[in-house]
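**Student:** Okay, handing you the structure first.
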Amino acid sequence: MPFTIGLIREGKTPPDKRVPLTPKKCVEAQATFPGLRVVAQSSPIRSYIDQEYRDLGIEVRDDVSDCDVLMGVKEVPLDQLIPNKTYLFFSHTVKKQPANRNLLRAVLKKNITLIDYELLTNERGERIVAFGRYAGIVGAYNGLLTYGRKHGLYDLKPAYQCVDMDDMQEEFFKVKKLPPIKMAVTGSGRVAQGALEVLDRMGIRRVSVYDYLYLTFNEPVYTQLRSSDYNRRRDGRVWDTPDFHQHPEEYESTFDKFLPVTDLLIACAYWHPAAPLLFTEADTQQPDFRINTIADVTCDVDGSVPVTKRNSTIADPAFDYNCATGELESAYSRPSNITVMAVDNLPCELPRNASRDFGRQLLDNVLPHLVGDDAAGVIARATIARGGQLTERYQYLADYVAEAAAV
């Protein structure tokens, strides 16, 4: 049976230049899945312009309402939702985010089937599509950019001004001006791996956690910290990773041992609200607190990094935290401040690379189930709403939707 995917233009403000499928990925998808046709809705903001799709034989038009599935990236504005259609995008509703209550209400009211990328998982419950790698790549780059600006060492070209990652890598040589500082990267998932990729390509030496803590180096170094490196059970029982994920409230932070030896913190670890903070605001006033620059890639406001009191933007990526007053100030205001980079949409800075990476994941992990029979339940598990109703798996959102009705 013929099956048509429509790539919708991004309507959210500020505009997002990423695409689910690049022109080459559209061609590959059509060649891989007989009967599949991909149509791109015309857009003035995509990192891949309309002509790039046309050049590879992909139809570009303004009206995609006849497509079987409409595929975007960010939340679709309410007035742009087409009734009775099937959508794939990041809805940011499954954690009952207040800003998107009315989006889910509109989805139900308009009889829309909503499939959320964030919920697409394999049989082990692992996510199969994400932009996390590029969040880590840009986050680490921005961290080094911020450190260089704070200390007047060099001035990296912002990632969003680079054509792509190859262009960005032309800037890596500048970090050779780094003094022998120590950098800590938290996390072990896609985001952290992206950050490590950048540090390795920059030629920064990786050291063990022990050496990081106790040795002095004559060159810049970094270490990767997993959850077990900076948390422990309150009752003294042995570390157990599954237990930490299931009962984070039973654990306490031991990150204090890294505070006197770390200059730049690159926070990439997923954080649960019940889990310990890395440190407290009071810790920043201690004489041995050494961290002066933080790239909070996870970007949880008032989360694991307590000095992240707000998000920053691509155009204005950094702000200062005054340790003495607890107030936020303009970036690079004074040397004693902690300078924080907390951009919450980092992959948007390298939209072409991020889109290629995401499209690869869609082709390999999602389209076989979307176009096929979904015997493995991949699409079913990620379907929040169908036929004007929440699916059984997401019935817990009923009160969230009802609360929105009263607004």
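Ligands are numbered from 1 in the order shown, chains are lettered A, B, ... in the order of the structure tokens, and residues start at 1 in each chain.
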Fewer than 3 positions away in the same chain doesn't count, so skip those; otherwise give me all residues within 9 Å of stretch 374-387 of chain A, counting only C-alpha atoms, as a ChimeraX atom specification.
**Tutor:** /A:84,86,94,104,107-108,110-123,366,368-371,390-395
**Student:** Write out as a ChimeraX atom specification the residues lying within 6 Å of stretch 327-338 of chain A, counting only C-alpha atoms and excluding same-chain residues fewer than 3 positions away.
**Tutor:** /A:150,292-293,318-322
**Student:** Would you output that residue set with C-alpha atoms, as a compact mmCIF listing (two decimals), in the first residue's frame?
**Tutor:**
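Dumped to result-v1.txt:
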# COMPACT_ATOMS: atom_id res chain seq x y z
CA LYS A 150 36.16 34.08 30.72
CA ASN A 292 34.78 28.64 37.78
CA THR A 293 33.07 27.58 34.54
CA ALA A 318 26.33 32.38 29.28
CA PHE A 319 25.63 34.15 32.56
CA ASP A 320 27.47 34.57 35.84
CA TYR A 321 26.54 33.30 39.29
CA ASN A 322 27.83 35.49 42.10
**Student:** Please report as a tab-separated table every residue of stretch 129-222 of chain A lying within 12 Å of stretch 236-255 of chain A, along with the nearest atom pair and their distance in Å (one decimal), using only C-alpha atoms.
**Tutor:**
residue	atom	partner	partner_atom	distance
A:Ala184	CA	A:Phe255	CA	10.8
A:Thr186	CA	A:Phe255	CA	10.5
A:Leu213	CA	A:Phe255	CA	11.3
**Student:** Could you state the separation of atom CA of A:Arg61 and atom CA of A:Arg352 in Å, given to one decimal place?
**Tutor:**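 About the pair atom CA of A:Arg61 and atom CA of A:Arg352: they are 21.1 Å apart.
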**Student:** As number ranges by chain, list the residues of stretch 86-118 of chain A assigned to strand (DSSP E) by DSSP on the backbone atoms of this structure.
**Tutor:** A: 86-89, 113-116
**Student:** Could you please determine the separation between atom CA of A:Gly326 and atom CA of A:Asn311 in Å, to one decimal place?
**Tutor:** 16.2 Å
**Student:** I'd like the interatomic distance between atom CA of A:Pro220 and atom CA of A:Glu171, to a tenth of an Å.
**Tutor:**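 These two atoms are separated by 17.2 Å.
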**Student:** Restricting the calculation to only C-alpha atoms: of A:Gly372, A:Gly189, A:Pro180, A:Gly359, which residue gets closest to A:Pro23?
**Tutor:** A:Gly359
**Student:** Identify, on the basis of only C-alpha atoms, every residue whose closest approach to stretch 204-212 of chain A does not exceed 10 Å; exclude the query and any residue fewer than 5 positions from it along the same chain; express the result as a list in words.
**Tutor:**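 Skipping anything fewer than 5 positions along the chain leaves Val175, Lys176, Leu178, Lys182, Met183, Ala184, Leu196, Val198, Leu199, Phe217, Glu219, Pro220, Val221, Tyr222, Thr223, Gln224, Leu225, Arg226, Asp229, Phe258, Val261 and Thr262 of chain A.
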**Student:** With N, CA, C and O atoms kept, could you save the residues just selected as a PDB file, in the first residue's frame?
**Tutor:**
ATOM      1  N   VAL A 175      42.262  25.754  21.282  1.00  0.00           N
ATOM      2  CA  VAL A 175      42.279  25.345  22.690  1.00  0.00           C
ATOM      3  C   VAL A 175      43.659  24.889  23.139  1.00  0.00           C
ATOM      4  O   VAL A 175      43.862  24.583  24.308  1.00  0.00           O
ATOM      5  N   LYS A 176      44.612  24.869  22.231  1.00  0.00           N
ATOM      6  CA  LYS A 176      45.985  24.560  22.636  1.00  0.00           C
ATOM      7  C   LYS A 176      46.530  25.627  23.579  1.00  0.00           C
ATOM      8  O   LYS A 176      47.559  25.419  24.232  1.00  0.00           O
ATOM      9  N   LEU A 178      45.060  26.444  26.207  1.00  0.00           N
ATOM     10  CA  LEU A 178      44.568  26.135  27.548  1.00  0.00           C
ATOM     11  C   LEU A 178      45.726  25.896  28.516  1.00  0.00           C
ATOM     12  O   LEU A 178      46.685  25.193  28.178  1.00  0.00           O
ATOM     13  N   LYS A 182      41.793  21.147  34.887  1.00  0.00           N
ATOM     14  CA  LYS A 182      41.122  19.856  34.981  1.00  0.00           C
ATOM     15  C   LYS A 182      39.643  20.027  34.653  1.00  0.00           C
ATOM     16  O   LYS A 182      38.996  20.946  35.155  1.00  0.00           O
ATOM     17  N   MET A 183      39.130  19.118  33.824  1.00  0.00           N
ATOM     18  CA  MET A 183      37.732  19.152  33.392  1.00  0.00           C
ATOM     19  C   MET A 183      37.059  17.838  33.773  1.00  0.00           C
ATOM     20  O   MET A 183      37.611  16.765  33.546  1.00  0.00           O
ATOM     21  N   ALA A 184      35.855  17.935  34.318  1.00  0.00           N
ATOM     22  CA  ALA A 184      35.080  16.752  34.676  1.00  0.00           C
ATOM     23  C   ALA A 184      33.830  16.685  33.809  1.00  0.00           C
ATOM     24  O   ALA A 184      33.097  17.676  33.688  1.00  0.00           O
ATOM     25  N   LEU A 196      32.666  13.763  25.133  1.00  0.00           N
ATOM     26  CA  LEU A 196      33.982  13.118  25.114  1.00  0.00           C
ATOM     27  C   LEU A 196      34.578  13.128  23.712  1.00  0.00           C
ATOM     28  O   LEU A 196      35.795  13.282  23.536  1.00  0.00           O
ATOM     29  N   VAL A 198      34.312  15.406  21.468  1.00  0.00           N
ATOM     30  CA  VAL A 198      34.913  16.717  21.209  1.00  0.00           C
ATOM     31  C   VAL A 198      36.240  16.869  21.946  1.00  0.00           C
ATOM     32  O   VAL A 198      37.243  17.309  21.370  1.00  0.00           O
ATOM     33  N   LEU A 199      36.259  16.514  23.213  1.00  0.00           N
ATOM     34  CA  LEU A 199      37.483  16.657  23.992  1.00  0.00           C
ATOM     35  C   LEU A 199      38.610  15.796  23.406  1.00  0.00           C
ATOM     36  O   LEU A 199      39.769  16.232  23.345  1.00  0.00           O
ATOM     37  N   PHE A 217      49.092  17.748  36.781  1.00  0.00           N
ATOM     38  CA  PHE A 217      49.522  17.577  35.390  1.00  0.00           C
ATOM     39  C   PHE A 217      50.050  18.903  34.841  1.00  0.00           C
ATOM     40  O   PHE A 217      49.662  19.977  35.295  1.00  0.00           O
ATOM     41  N   GLU A 219      49.529  19.702  31.697  1.00  0.00           N
ATOM     42  CA  GLU A 219      48.707  19.881  30.496  1.00  0.00           C
ATOM     43  C   GLU A 219      47.240  19.785  30.906  1.00  0.00           C
ATOM     44  O   GLU A 219      46.920  19.233  31.970  1.00  0.00           O
ATOM     45  N   PRO A 220      46.312  20.311  30.088  1.00  0.00           N
ATOM     46  CA  PRO A 220      44.892  20.161  30.425  1.00  0.00           C
ATOM     47  C   PRO A 220      44.472  18.702  30.330  1.00  0.00           C
ATOM     48  O   PRO A 220      44.906  17.982  29.419  1.00  0.00           O
ATOM     49  N   VAL A 221      43.645  18.250  31.266  1.00  0.00           N
ATOM     50  CA  VAL A 221      43.172  16.869  31.280  1.00  0.00           C
ATOM     51  C   VAL A 221      41.677  16.845  31.603  1.00  0.00           C
ATOM     52  O   VAL A 221      41.120  17.814  32.108  1.00  0.00           O
ATOM     53  N   TYR A 222      41.067  15.707  31.293  1.00  0.00           N
ATOM     54  CA  TYR A 222      39.665  15.526  31.688  1.00  0.00           C
ATOM     55  C   TYR A 222      39.462  14.108  32.181  1.00  0.00           C
ATOM     56  O   TYR A 222      40.234  13.199  31.880  1.00  0.00           O
ATOM     57  N   THR A 223      38.389  13.939  32.947  1.00  0.00           N
ATOM     58  CA  THR A 223      37.970  12.600  33.343  1.00  0.00           C
ATOM     59  C   THR A 223      36.465  12.483  33.175  1.00  0.00           C
ATOM     60  O   THR A 223      35.750  13.495  33.175  1.00  0.00           O
ATOM     61  N   GLN A 224      36.016  11.258  33.000  1.00  0.00           N
ATOM     62  CA  GLN A 224      34.572  10.985  32.893  1.00  0.00           C
ATOM     63  C   GLN A 224      34.089  10.413  34.211  1.00  0.00           C
ATOM     64  O   GLN A 224      34.656   9.460  34.733  1.00  0.00           O
ATOM     65  N   LEU A 225      33.036  11.013  34.755  1.00  0.00           N
ATOM     66  CA  LEU A 225      32.482  10.570  36.027  1.00  0.00           C
ATOM     67  C   LEU A 225      31.145   9.884  35.806  1.00  0.00           C
ATOM     68  O   LEU A 225      30.214  10.489  35.263  1.00  0.00           O
ATOM     69  N   ARG A 226      31.063   8.636  36.220  1.00  0.00           N
ATOM     70  CA  ARG A 226      29.783   7.928  36.201  1.00  0.00           C
ATOM     71  C   ARG A 226      29.090   8.137  37.542  1.00  0.00           C
ATOM     72  O   ARG A 226      29.701   8.588  38.507  1.00  0.00           O
ATOM     73  N   ASP A 229      30.745   7.328  40.739  1.00  0.00           N
ATOM     74  CA  ASP A 229      31.930   8.095  41.118  1.00  0.00           C
ATOM     75  C   ASP A 229      31.598   9.260  42.036  1.00  0.00           C
ATOM     76  O   ASP A 229      32.484   9.791  42.709  1.00  0.00           O
ATOM     77  N   PHE A 258      35.430  16.366  44.299  1.00  0.00           N
ATOM     78  CA  PHE A 258      35.875  16.902  43.019  1.00  0.00           C
ATOM     79  C   PHE A 258      35.898  18.436  42.997  1.00  0.00           C
ATOM     80  O   PHE A 258      36.497  19.026  42.100  1.00  0.00           O
ATOM     81  N   VAL A 261      39.378  20.292  42.898  1.00  0.00           N
ATOM     82  CA  VAL A 261      40.341  19.977  41.831  1.00  0.00           C
ATOM     83  C   VAL A 261      39.797  20.243  40.425  1.00  0.00           C
ATOM     84  O   VAL A 261      40.511  20.044  39.442  1.00  0.00           O
ATOM     85  N   THR A 262      38.544  20.682  40.312  1.00  0.00           N
ATOM     86  CA  THR A 262      37.907  20.852  39.007  1.00  0.00           C
ATOM     87  C   THR A 262      37.818  22.325  38.635  1.00  0.00           C
ATOM     88  O   THR A 262      37.355  23.147  39.424  1.00  0.00           O
TER      89      THR A 262
END
**Student:** Please provide as a tab-separated table (two decimals) with N, CA and C atoms, in the first residue's frame all residues within 9 Å of A:Val38, with the sequence filter that same-chain residues fewer than 2 positions apart are discarded (counting only C-alpha atoms).
**Tutor:**
chain	number	residue	atom	x	y	z
A	3	PHE	N	2.32	4.76	1.01
A	3	PHE	CA	2.41	5.38	2.33
A	3	PHE	C	3.22	6.66	2.17
A	4	THR	N	2.66	7.78	2.62
A	4	THR	CA	3.32	9.07	2.41
A	4	THR	C	3.66	9.74	3.74
A	5	ILE	N	4.91	10.16	3.87
A	5	ILE	CA	5.37	10.93	5.02
A	5	ILE	C	5.55	12.38	4.58
A	6	GLY	N	4.99	13.29	5.33
A	6	GLY	CA	5.15	14.72	5.05
A	6	GLY	C	6.05	15.35	6.10
A	7	LEU	N	7.13	15.97	5.66
A	7	LEU	CA	8.02	16.68	6.56
A	7	LEU	C	7.49	18.10	6.75
A	26	CYS	N	15.78	11.05	2.69
A	26	CYS	CA	14.48	10.85	2.04
A	26	CYS	C	14.62	9.90	0.86
A	27	VAL	N	15.66	10.12	0.06
A	27	VAL	CA	15.90	9.25	-1.09
A	27	VAL	C	16.17	7.82	-0.62
A	29	ALA	N	15.19	6.43	2.17
A	29	ALA	CA	13.96	5.87	2.73
A	29	ALA	C	13.06	5.34	1.62
A	30	GLN	N	12.91	6.10	0.55
A	30	GLN	CA	12.05	5.68	-0.55
A	30	GLN	C	12.62	4.45	-1.26
A	36	LEU	N	6.79	3.72	-0.21
A	36	LEU	CA	6.93	4.92	0.63
A	36	LEU	C	7.27	6.13	-0.24
A	40	ALA	N	8.19	17.11	1.26
A	40	ALA	CA	8.65	18.15	2.18
A	40	ALA	C	7.76	19.39	2.05
A	58	ILE	N	12.79	15.03	-4.50
A	58	ILE	CA	11.78	15.02	-3.44
A	58	ILE	C	10.82	16.17	-3.68
A	59	GLU	N	9.53	15.86	-3.70
A	59	GLU	CA	8.54	16.91	-3.95
A	59	GLU	C	8.47	17.88	-2.77
A	67	CYS	N	-0.91	13.73	3.47
A	67	CYS	CA	0.08	12.71	3.83
A	67	CYS	C	-0.46	11.82	4.96
